[in-house]
Amino acid sequence: MIVKNKIIGHRGASMFAPENSASSLEVAYSQGLEWIETDVQITLDNKLVIFHDEKLERTSNGEGFLALKKLSELKELDIGNWFSEEFTGEKILTFVEFLNLIKKYEFYLQLEIKHMHGKETEIVDEIVNQIQPYLDYFKDKLFVSSFSEKCLRLFSKKLPQIPLALALSFVPKNPDLLANEVGVDILHFGDEFVDDHSLGKLKNSKTEFAVATVNDKKRAEFLLNNGVQTILTDNPKILK
């Protein structure tokens with residue numbers, strides 16, 4: 001297995017701090033989390049930032065599409081106050097700022113490349129360029145995921161030694177066949193679509209897989225007791 005842990009922190013410890021923020025990583029570390037999942041996007045001026053949504057409204061005081069903003073504009077935004085006044089002043093992290101925090105806290109990382117249609121080459125090239133100085137640290141501590149098969153193919157050509165995960169909503173008819181066709185090591189599924197029939201298919205699969213996003217303790221325990229290897233959760237303490 002690549003992820004030798006039952007839990008990956010979904011965007012950090014995002015039940016306790018603003019998702020994908022420096023505070024979210026700090027809390028995750030304080031709660032003993034080992035694996036972190038995050039999302040990387042590319043700005044109008046081809047800079048990499050850590051942010052989930054295509055649009056800024058839900059988790060910042062900004063408006064519009066992130067991809068249509070320059071880094072300097074994004075750095076003026078507050079990404080903490082929407083969560084709690086305690087986190088007012090929290091700023092969007094650049095990819096390098098985020099990687100430095102991952103290294104500081106000695107986390108393992110699932111890096112999700114957001115599918116920005118038409119900019120797949122730009123975002124993959126920039127990720128590869130910026131992550132190069134960290135590859136020694138990330139030996140056996142990193143895998144890259146995406147809903148975009150194109151992004152995964154482009155990334156694999158540049159850094160074939162890094163394991164890959166394909167994110168899906170539904171569990172396919174033959175998980176092993178799909179993983180082999182796409183050339184990935186792990187499959188990720190949305191919890192809403194994982195029913196008893198799907199669990200049966202996954203139990204018989206040889207491919208590593210995970211389910212996201214699970215925040216209910218009973219549901220987490222049920223999944224982990226029925227063949228699911230890893231869950232993504234907003235709550236690092238979900239099994240305690």
# chains A, B, ... in the order shown; residues from 1 in each chain; ligands from 1

$ select_by_dssp --residues "range 69-196 of chain A" --states "strand (DSSP E or B)" --output "PyMOL selection string"
chain A and resi 93-94+108-113+142-146+164-167+186-190

$ select_by_dssp --residues "range 42-220 of chain A" --states "helix (DSSP H, G or I)" --output "JSON list (two decimals) with C-alpha atoms, in the first residue's frame"
[["chain", "number", "residue", "atom", "x", "y", "z"],
["A", 66, "LEU", "CA", -9.75, 32.07, -9.11],
["A", 67, "ALA", "CA", -8.23, 31.33, -12.53],
["A", 68, "LEU", "CA", -9.11, 34.86, -13.67],
["A", 71, "LEU", "CA", -1.57, 36.08, -7.47],
["A", 72, "SER", "CA", -1.22, 39.64, -6.16],
["A", 73, "GLU", "CA", -5.02, 39.98, -6.15],
["A", 74, "LEU", "CA", -5.52, 36.64, -4.41],
["A", 85, "GLU", "CA", -13.42, 35.49, 13.42],
["A", 86, "GLU", "CA", -10.55, 33.70, 15.15],
["A", 87, "PHE", "CA", -8.98, 33.10, 11.73],
["A", 95, "PHE", "CA", 2.27, 26.12, -3.58],
["A", 96, "VAL", "CA", 5.81, 26.68, -2.31],
["A", 97, "GLU", "CA", 4.57, 28.18, 0.98],
["A", 98, "PHE", "CA", 2.37, 25.12, 1.41],
["A", 99, "LEU", "CA", 5.19, 22.67, 0.59],
["A", 100, "ASN", "CA", 7.41, 24.34, 3.16],
["A", 101, "LEU", "CA", 4.73, 23.82, 5.82],
["A", 102, "ILE", "CA", 4.27, 20.18, 4.79],
["A", 103, "LYS", "CA", 8.00, 19.67, 5.23],
["A", 104, "LYS", "CA", 8.06, 21.59, 8.54],
["A", 105, "TYR", "CA", 5.35, 19.36, 10.02],
["A", 120, "GLU", "CA", -3.65, 21.14, -18.09],
["A", 121, "THR", "CA", -0.17, 21.55, -19.57],
["A", 122, "GLU", "CA", 0.48, 24.83, -17.77],
["A", 123, "ILE", "CA", -0.56, 23.59, -14.34],
["A", 124, "VAL", "CA", 1.30, 20.27, -14.60],
["A", 125, "ASP", "CA", 4.49, 21.91, -15.89],
["A", 126, "GLU", "CA", 4.44, 24.45, -13.06],
["A", 127, "ILE", "CA", 3.79, 21.80, -10.40],
["A", 128, "VAL", "CA", 6.67, 19.70, -11.70],
["A", 129, "ASN", "CA", 9.01, 22.71, -11.73],
["A", 130, "GLN", "CA", 8.14, 23.83, -8.21],
["A", 131, "ILE", "CA", 8.12, 20.41, -6.58],
["A", 132, "GLN", "CA", 11.53, 19.35, -7.88],
["A", 133, "PRO", "CA", 13.51, 20.75, -4.88],
["A", 134, "TYR", "CA", 11.25, 18.76, -2.53],
["A", 149, "GLU", "CA", -6.91, 11.68, -16.71],
["A", 150, "LYS", "CA", -5.08, 14.16, -18.96],
["A", 151, "CYS", "CA", -3.39, 15.85, -16.01],
["A", 152, "LEU", "CA", -2.33, 12.49, -14.61],
["A", 153, "ARG", "CA", -0.88, 11.37, -17.96],
["A", 154, "LEU", "CA", 1.06, 14.63, -18.36],
["A", 155, "PHE", "CA", 2.38, 14.43, -14.79],
["A", 156, "SER", "CA", 3.42, 10.79, -15.19],
["A", 157, "LYS", "CA", 5.52, 11.62, -18.25],
["A", 158, "LYS", "CA", 7.46, 14.20, -16.21],
["A", 175, "PRO", "CA", -12.00, -1.04, -10.74],
["A", 176, "ASP", "CA", -8.82, -2.99, -11.51],
["A", 177, "LEU", "CA", -9.35, -2.73, -15.27],
["A", 178, "LEU", "CA", -9.91, 1.03, -15.08],
["A", 179, "ALA", "CA", -6.86, 1.59, -12.87],
["A", 180, "ASN", "CA", -4.75, -0.40, -15.32],
["A", 181, "GLU", "CA", -6.12, 1.44, -18.36],
["A", 182, "VAL", "CA", -5.47, 4.88, -16.86],
["A", 191, "ASP", "CA", -18.94, 8.40, -0.25],
["A", 192, "GLU", "CA", -22.42, 9.26, -1.54],
["A", 193, "PHE", "CA", -21.98, 6.69, -4.31],
["A", 196, "ASP", "CA", -23.21, -2.17, -0.38],
["A", 197, "HIS", "CA", -22.98, -3.35, -4.00],
["A", 198, "SER", "CA", -20.03, -1.01, -4.63],
["A", 199, "LEU", "CA", -18.30, -2.19, -1.47],
["A", 200, "GLY", "CA", -18.53, -5.74, -2.75],
["A", 201, "LYS", "CA", -16.71, -4.75, -5.93],
["A", 202, "LEU", "CA", -14.04, -2.92, -3.96],
["A", 203, "LYS", "CA", -13.50, -5.81, -1.56],
["A", 217, "LYS", "CA", -17.73, 8.02, 13.00],
["A", 218, "LYS", "CA", -20.13, 5.11, 12.51],
["A", 219, "ARG", "CA", -19.94, 5.45, 8.73],
["A", 220, "ALA", "CA", -16.13, 5.61, 8.88]]

$ atom_distance --atom1 "CA of Gly32 in chain A" --atom2 "CA of Ile8 in chain A"
11.4 Å

$ residues_around --residues "Lys114 in chain A" --least-positions-apart "5" --cutoff "7 Å" --atoms "only C-alpha atoms" --output "PDB file with C-alpha atoms, in the first residue's frame"
ATOM      1  CA  ASP A  39      -5.871  21.123  -3.944  1.00  0.00           C
ATOM      2  CA  VAL A  40      -3.610  23.090  -6.262  1.00  0.00           C
ATOM      3  CA  GLN A  41      -4.778  25.567  -8.916  1.00  0.00           C
ATOM      4  CA  SER A 146      -6.939  14.302 -10.086  1.00  0.00           C
TER       5      SER A 146
END

$ closest_residue --among "A:Asn226, A:Ser60, A:Lys55, A:Lys141" --to "Asn5 in chain A" --atoms "only C-alpha atoms"
A:Lys141

$ residues_around --residues "Lys6 in chain A" --least-positions-apart "2" --cutoff "8 Å" --atoms "only C-alpha atoms" --output "list in words"
Val3, Lys4, Ile8, Leu224, Gln229, Thr230 and Ile231 of chain A

$ write_last_selection --atoms "C-alpha atoms" --output "short mmCIF file (atom, residue, chain, number, x, y, z; two decimals), in the first residue's frame"
data_model
loop_
_atom_site.label_atom_id
_atom_site.label_comp_id
_atom_site.auth_asym_id
_atom_site.auth_seq_id
_atom_site.Cartn_x
_atom_site.Cartn_y
_atom_site.Cartn_z
CA VAL A 3 -1.12 5.07 2.13
CA LYS A 4 -0.31 3.02 5.21
CA ILE A 8 -6.14 11.37 5.20
CA LEU A 224 -13.08 0.56 7.17
CA GLN A 229 -8.55 0.99 3.07
CA THR A 230 -8.49 4.75 3.64
CA ILE A 231 -10.99 7.54 4.24
#

$ residues_around --residues "Val27 in chain A" --least-positions-apart "2" --cutoff "9 Å" --atoms "only C-alpha atoms" --output "list in words"
Gly12, Ala13, Ser14, Phe16, Ala17, Ala22, Ser23, Ser24, Leu25, Tyr29, Ser30, Gln31, Gly32 and Leu33 of chain A

$ write_last_selection --atoms "N, CA and C atoms" --output "PDB file, in the first residue's frame"
ATOM      1  N   GLY A  12      -6.499  19.431   5.174  1.00  0.00           N
ATOM      2  CA  GLY A  12      -5.975  19.688   6.513  1.00  0.00           C
ATOM      3  C   GLY A  12      -6.935  19.180   7.572  1.00  0.00           C
ATOM      4  N   ALA A  13      -7.070  19.941   8.646  1.00  0.00           N
ATOM      5  CA  ALA A  13      -8.054  19.619   9.685  1.00  0.00           C
ATOM      6  C   ALA A  13      -9.214  20.585   9.513  1.00  0.00           C
ATOM      7  N   SER A  14      -9.954  20.443   8.421  1.00  0.00           N
ATOM      8  CA  SER A  14     -10.883  21.499   8.006  1.00  0.00           C
ATOM      9  C   SER A  14     -12.184  21.536   8.788  1.00  0.00           C
ATOM     10  N   PHE A  16     -11.842  22.054  11.986  1.00  0.00           N
ATOM     11  CA  PHE A  16     -11.382  22.876  13.103  1.00  0.00           C
ATOM     12  C   PHE A  16     -10.707  24.171  12.678  1.00  0.00           C
ATOM     13  N   ALA A  17     -10.424  24.330  11.391  1.00  0.00           N
ATOM     14  CA  ALA A  17      -9.757  25.530  10.886  1.00  0.00           C
ATOM     15  C   ALA A  17     -10.090  25.680   9.406  1.00  0.00           C
ATOM     16  N   ALA A  22      -2.851  27.678   6.412  1.00  0.00           N
ATOM     17  CA  ALA A  22      -1.735  27.391   7.314  1.00  0.00           C
ATOM     18  C   ALA A  22      -2.254  26.923   8.672  1.00  0.00           C
ATOM     19  N   SER A  23      -3.339  27.530   9.143  1.00  0.00           N
ATOM     20  CA  SER A  23      -3.918  27.125  10.423  1.00  0.00           C
ATOM     21  C   SER A  23      -4.445  25.700  10.379  1.00  0.00           C
ATOM     22  N   SER A  24      -5.004  25.325   9.251  1.00  0.00           N
ATOM     23  CA  SER A  24      -5.527  23.968   9.105  1.00  0.00           C
ATOM     24  C   SER A  24      -4.411  22.930   9.214  1.00  0.00           C
ATOM     25  N   LEU A  25      -3.248  23.249   8.688  1.00  0.00           N
ATOM     26  CA  LEU A  25      -2.099  22.349   8.805  1.00  0.00           C
ATOM     27  C   LEU A  25      -1.582  22.313  10.235  1.00  0.00           C
ATOM     28  N   TYR A  29      -1.463  18.984  12.582  1.00  0.00           N
ATOM     29  CA  TYR A  29      -0.237  18.522  13.244  1.00  0.00           C
ATOM     30  C   TYR A  29      -0.468  18.337  14.739  1.00  0.00           C
ATOM     31  N   SER A  30      -1.154  19.283  15.363  1.00  0.00           N
ATOM     32  CA  SER A  30      -1.392  19.206  16.804  1.00  0.00           C
ATOM     33  C   SER A  30      -2.290  18.031  17.166  1.00  0.00           C
ATOM     34  N   GLN A  31      -3.085  17.580  16.198  1.00  0.00           N
ATOM     35  CA  GLN A  31      -3.990  16.462  16.450  1.00  0.00           C
ATOM     36  C   GLN A  31      -3.403  15.124  15.987  1.00  0.00           C
ATOM     37  N   GLY A  32      -2.155  15.143  15.591  1.00  0.00           N
ATOM     38  CA  GLY A  32      -1.457  13.904  15.288  1.00  0.00           C
ATOM     39  C   GLY A  32      -1.717  13.321  13.914  1.00  0.00           C
ATOM     40  N   LEU A  33      -2.216  14.125  12.984  1.00  0.00           N
ATOM     41  CA  LEU A  33      -2.492  13.633  11.637  1.00  0.00           C
ATOM     42  C   LEU A  33      -1.185  13.379  10.888  1.00  0.00           C
TER      43      LEU A  33
END

$ atom_distance --atom1 "CA of Trp35 in chain A" --atom2 "CA of Asn20 in chain A"
13.3 Å
